[in-house]
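Structure, as structure tokens:
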Amino acid sequence: VVEEGTKEGGGGAGGGGSNKARHAYRPIELTNLPSEVLASSENYFWEPLYCAERCWASSMAVKSENNDRQQSSNAADGALGGKNDPRRDWTPGQVRARSLKRLRKAAKFATLLETLTTSTKAAPSAEGEGEGEEDATTTAAAPPANPPVDQHTQMEARAYASWMRGNLALEQNSWQAACEEYQTALALCESLASDSHGSSSGGDDGEEEEEGGKKNAMKQLELL
């Protein structure tokens, strides 16, 4: 995160250093957003999912391309782009390191998605802003907000994150951790399948419950 410049007559030519710092890009920390804000746009959930998918695909591509290169009779014209590709001369250790690096990022983004779907962070009250320690204590004691999405979407996100963490643990030869994560993902998928079957045969009663649920701010996203 770039901090805003406070030094007068900044270090850049013409004293524009502080202006550049003031208008510099500052990423949003999604975990600090209130649940109400997260529920206002689906993009808060699609972004970490998209990033997780890209990192996972990149990790798998590195492994696949390396396997193709090893099986190729002509390494200079292999799947890694030929003699002009710097990855052509990578050692197995470098390939593994690159693949694991991308997979760690994929697990990180998947875990972020799981965290966002279960967020109960309440929005700060307008009355308590700038009032002192008493108001800060009141804000901290405020009841948690409702999650931004429904339980079905939360289970989907948790299953996806567990599966991705299992992939990472498997590549790291952490067999026990991989087994636990895969078991969690399998149990959640089985529960989702059971709930989906039950809701499809619920009939009119299920429709009445759905009408009542529309009053809540939570919404269902088809993440998987």
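In the structure tokens, the first chain shown is A, the next is B, and so on; residue numbers restart at 1 for each chain, and ligands run from 1 in the order shown.
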Inset, instruction - List the neighbours of A:Leu30 out to 9 Å using only C-alpha atoms; skip same-chain residues closer than 2 positions along the sequence, and give me the result as number ranges by chain. - result: A: 27-28, 32-34, 38, 44, 112, 116
Inset, instruction - Name all residues at most 12 Å from A:Met155 (count only C-alpha atoms; drop same-chain ones fewer than 3 positions away) and give them as a ChimeraX atom specification. - result: /A:113-115,117-118,149-152,158-162,184-193,195,220-224
Write the residues of the preceding selection, restricted to N, CA, C and O atoms, as a tab-separated table (two decimals), in the first residue's frame.
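Contents of selection.tsv, as written:
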chain	number	residue	atom	x	y	z
A	113	LEU	N	-11.66	-15.90	-0.68
A	113	LEU	CA	-13.05	-16.05	-1.09
A	113	LEU	C	-13.88	-16.66	0.03
A	113	LEU	O	-14.99	-16.20	0.33
A	114	GLU	N	-13.34	-17.69	0.66
A	114	GLU	CA	-14.04	-18.33	1.78
A	114	GLU	C	-14.27	-17.34	2.92
A	114	GLU	O	-15.35	-17.30	3.52
A	115	THR	N	-13.27	-16.53	3.21
A	115	THR	CA	-13.39	-15.55	4.29
A	115	THR	C	-14.45	-14.50	3.98
A	115	THR	O	-15.22	-14.10	4.85
A	117	THR	N	-17.14	-14.76	2.09
A	117	THR	CA	-18.50	-15.28	2.11
A	117	THR	C	-19.03	-15.45	3.53
A	117	THR	O	-20.25	-15.47	3.73
A	118	THR	N	-18.14	-15.57	4.51
A	118	THR	CA	-18.58	-15.75	5.90
A	118	THR	C	-18.39	-14.49	6.73
A	118	THR	O	-18.52	-14.54	7.95
A	149	VAL	N	-23.68	-13.54	1.76
A	149	VAL	CA	-24.28	-14.55	0.87
A	149	VAL	C	-24.95	-15.62	1.73
A	149	VAL	O	-24.75	-15.68	2.95
A	150	ASP	N	-25.74	-16.47	1.10
A	150	ASP	CA	-26.47	-17.48	1.84
A	150	ASP	C	-25.56	-18.66	2.18
A	150	ASP	O	-24.40	-18.72	1.78
A	151	GLN	N	-26.10	-19.60	2.95
A	151	GLN	CA	-25.32	-20.73	3.44
A	151	GLN	C	-24.85	-21.63	2.30
A	151	GLN	O	-23.76	-22.19	2.35
A	152	HIS	N	-25.66	-21.76	1.26
A	152	HIS	CA	-25.28	-22.60	0.12
A	152	HIS	C	-24.00	-22.07	-0.52
A	152	HIS	O	-23.08	-22.84	-0.82
A	158	ARG	N	-16.28	-22.71	0.75
A	158	ARG	CA	-15.44	-23.49	1.66
A	158	ARG	C	-14.96	-24.78	0.99
A	158	ARG	O	-13.82	-25.19	1.15
A	159	ALA	N	-15.84	-25.43	0.23
A	159	ALA	CA	-15.44	-26.64	-0.49
A	159	ALA	C	-14.35	-26.33	-1.51
A	159	ALA	O	-13.37	-27.09	-1.64
A	160	TYR	N	-14.50	-25.22	-2.22
A	160	TYR	CA	-13.50	-24.83	-3.22
A	160	TYR	C	-12.17	-24.52	-2.55
A	160	TYR	O	-11.10	-24.95	-3.02
A	161	ALA	N	-12.21	-23.78	-1.43
A	161	ALA	CA	-10.97	-23.44	-0.74
A	161	ALA	C	-10.30	-24.68	-0.16
A	161	ALA	O	-9.07	-24.81	-0.22
A	162	SER	N	-11.08	-25.60	0.38
A	162	SER	CA	-10.50	-26.83	0.92
A	162	SER	C	-9.86	-27.66	-0.18
A	162	SER	O	-8.78	-28.24	0.00
A	184	THR	N	-12.70	-32.74	3.75
A	184	THR	CA	-13.61	-31.62	4.02
A	184	THR	C	-14.34	-31.20	2.75
A	184	THR	O	-15.56	-30.99	2.77
A	185	ALA	N	-13.61	-31.10	1.64
A	185	ALA	CA	-14.25	-30.72	0.38
A	185	ALA	C	-15.27	-31.76	-0.06
A	185	ALA	O	-16.37	-31.41	-0.53
A	186	LEU	N	-14.94	-33.04	0.11
A	186	LEU	CA	-15.87	-34.11	-0.29
A	186	LEU	C	-17.13	-34.07	0.56
A	186	LEU	O	-18.25	-34.21	0.03
A	187	ALA	N	-16.98	-33.88	1.87
A	187	ALA	CA	-18.14	-33.83	2.76
A	187	ALA	C	-19.05	-32.66	2.41
A	187	ALA	O	-20.29	-32.79	2.41
A	188	LEU	N	-18.46	-31.52	2.09
A	188	LEU	CA	-19.25	-30.35	1.74
A	188	LEU	C	-19.97	-30.56	0.41
A	188	LEU	O	-21.13	-30.17	0.26
A	189	CYS	N	-19.28	-31.18	-0.56
A	189	CYS	CA	-19.93	-31.44	-1.85
A	189	CYS	C	-21.08	-32.42	-1.70
A	189	CYS	O	-22.13	-32.27	-2.35
A	190	GLU	N	-20.90	-33.42	-0.85
A	190	GLU	CA	-21.99	-34.37	-0.60
A	190	GLU	C	-23.17	-33.68	0.05
A	190	GLU	O	-24.33	-33.96	-0.27
A	191	SER	N	-22.88	-32.77	0.99
A	191	SER	CA	-23.95	-32.02	1.64
A	191	SER	C	-24.67	-31.11	0.65
A	191	SER	O	-25.90	-30.99	0.68
A	192	LEU	N	-23.91	-30.47	-0.24
A	192	LEU	CA	-24.52	-29.63	-1.25
A	192	LEU	C	-25.41	-30.43	-2.20
A	192	LEU	O	-26.50	-30.00	-2.57
A	193	ALA	N	-24.93	-31.63	-2.57
A	193	ALA	CA	-25.73	-32.48	-3.44
A	193	ALA	C	-27.01	-32.92	-2.76
A	193	ALA	O	-28.08	-32.96	-3.38
A	195	ASP	N	-28.59	-31.29	-0.29
A	195	ASP	CA	-29.47	-30.12	-0.17
A	195	ASP	C	-30.13	-29.79	-1.50
A	195	ASP	O	-31.30	-29.42	-1.55
A	220	GLN	N	-27.53	-15.89	-3.18
A	220	GLN	CA	-26.84	-17.10	-3.59
A	220	GLN	C	-26.08	-16.85	-4.89
A	220	GLN	O	-26.63	-16.30	-5.85
A	221	LEU	N	-24.82	-17.23	-4.88
A	221	LEU	CA	-23.97	-17.12	-6.07
A	221	LEU	C	-23.58	-18.51	-6.52
A	221	LEU	O	-23.23	-19.36	-5.69
A	222	GLU	N	-23.65	-18.76	-7.79
A	222	GLU	CA	-23.24	-20.05	-8.35
A	222	GLU	C	-21.73	-20.00	-8.58
A	222	GLU	O	-21.26	-19.76	-9.69
A	223	LEU	N	-20.96	-20.25	-7.52
A	223	LEU	CA	-19.50	-20.17	-7.63
A	223	LEU	C	-18.93	-21.37	-8.35
A	223	LEU	O	-17.92	-21.26	-9.07
A	224	LEU	N	-19.53	-22.53	-8.17
A	224	LEU	CA	-18.98	-23.75	-8.76
A	224	LEU	C	-19.91	-24.26	-9.85
A	224	LEU	O	-21.10	-24.05	-9.81
Inset, instruction - Find the residue from A:Thr31, A:Gln154, A:Gln172, A:Ser119 that sits nearest to A:Leu100; use only C-alpha atoms when measuring. - result: A:Gln172
Legend entry - Within 6 Å of A:Ala106 using only C-alpha atoms, minus same-chain residues under 4 positions, as a PyMOL selection string: chain A and resi 52+55-56
Inset, instruction - Work out how far atom CA of A:Trp163 is from atom CA of A:Glu181, in Å to one decimal. - result: 6.2 Å
Inset, instruction - Tell me which of A:Ala61, A:Arg88, A:Cys51, A:Pro147 sits closest to A:Lys105, counting only C-alpha atoms. - result: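 Under the stated criterion, the closest residue is A:Cys51.
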Legend entry - Atomic distance atom CA of A:Glu42 - atom CA of A:Ala157, expressed in Å with one decimal: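 Interatomic distance, atom CA of A:Glu42 to atom CA of A:Ala157: 13.5 Å.
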